[in-house]
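In what follows, a single structure is set out as structure tokens and then discussed.
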Amino acid sequence: MSRSAPYCHTPSAIAPVLWLTGVRGAGKSRIASGVQVRLVAFGAQAVVLDGDSIRAGLSEDLGYDPDAQTENIRRIAHCADLLSRQAVIPIVVAIAPLASHRMLARQIIGDAYFEIFVDTPPPGDAYSARSPRAQDDPSRFDRYERPARPDLVVSRFDLSTIDAIETIMRWVPPVLWISEPDEAGSTGKAAGLDLARDPVFKLPLSN
């Protein structure tokens, strides 16, 4: 496996969608940015889909009532699905506070959906900092429903930002790629990052 093209995937490969959920202030955005840098350094195409940015653009027409919240998640999930089918790894940062939100995303994205729960003690209220441009207005929801069966739990009780990034990077290789046709054109094979052979880059991130 070469450093220049460690994935060796075909254009028809379906990349995983890494969906980071958790209360506001858990550090999801910093973790997602770090994972993106690491994946790109290893030759993958990866982008961060930040819920706040999508709220300010694609979903600027939406309010904060329950139906609008659901529609916002639907739009994010469809964007992630489109990127995934182009062999681009979407790293979604969205609180998606309700289990029904995350179930909707899983239904849209299918087997490529991987839920990463960034677990941290909620500081003060269920969403921490309040922002008028937040993708999930805390005044509209009074709870965060903890994922019952996430694909990965990243605990911020005892992990720094760098440790959280490295936890995800150690976990990612087995899920790359979700589907990649073999020479006979049949069902896909697994292909991913060999961390035993490739160096692990450290990022200049604080805790």
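We name chains A, B, ... following the order of the structure tokens; residues begin at 1 in each chain, and ligands are numbered from 1 as shown.
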
Inset, instruction - Please identify all polymer residues within 9 Å of range 114-119 of chain A, counting only C-alpha atoms, omitting same-chain residues fewer than 4 positions from it, and present them as a VMD selection string. - result: chain A and resid 16 to 23 26 to 28 102 106 146 to 147 149 to 157 164 168 175

Legend entry - CA of Arg38 in chain A to CA of Pro97 in chain A, distance in Å rounded to a single decimal: 27.4 Å
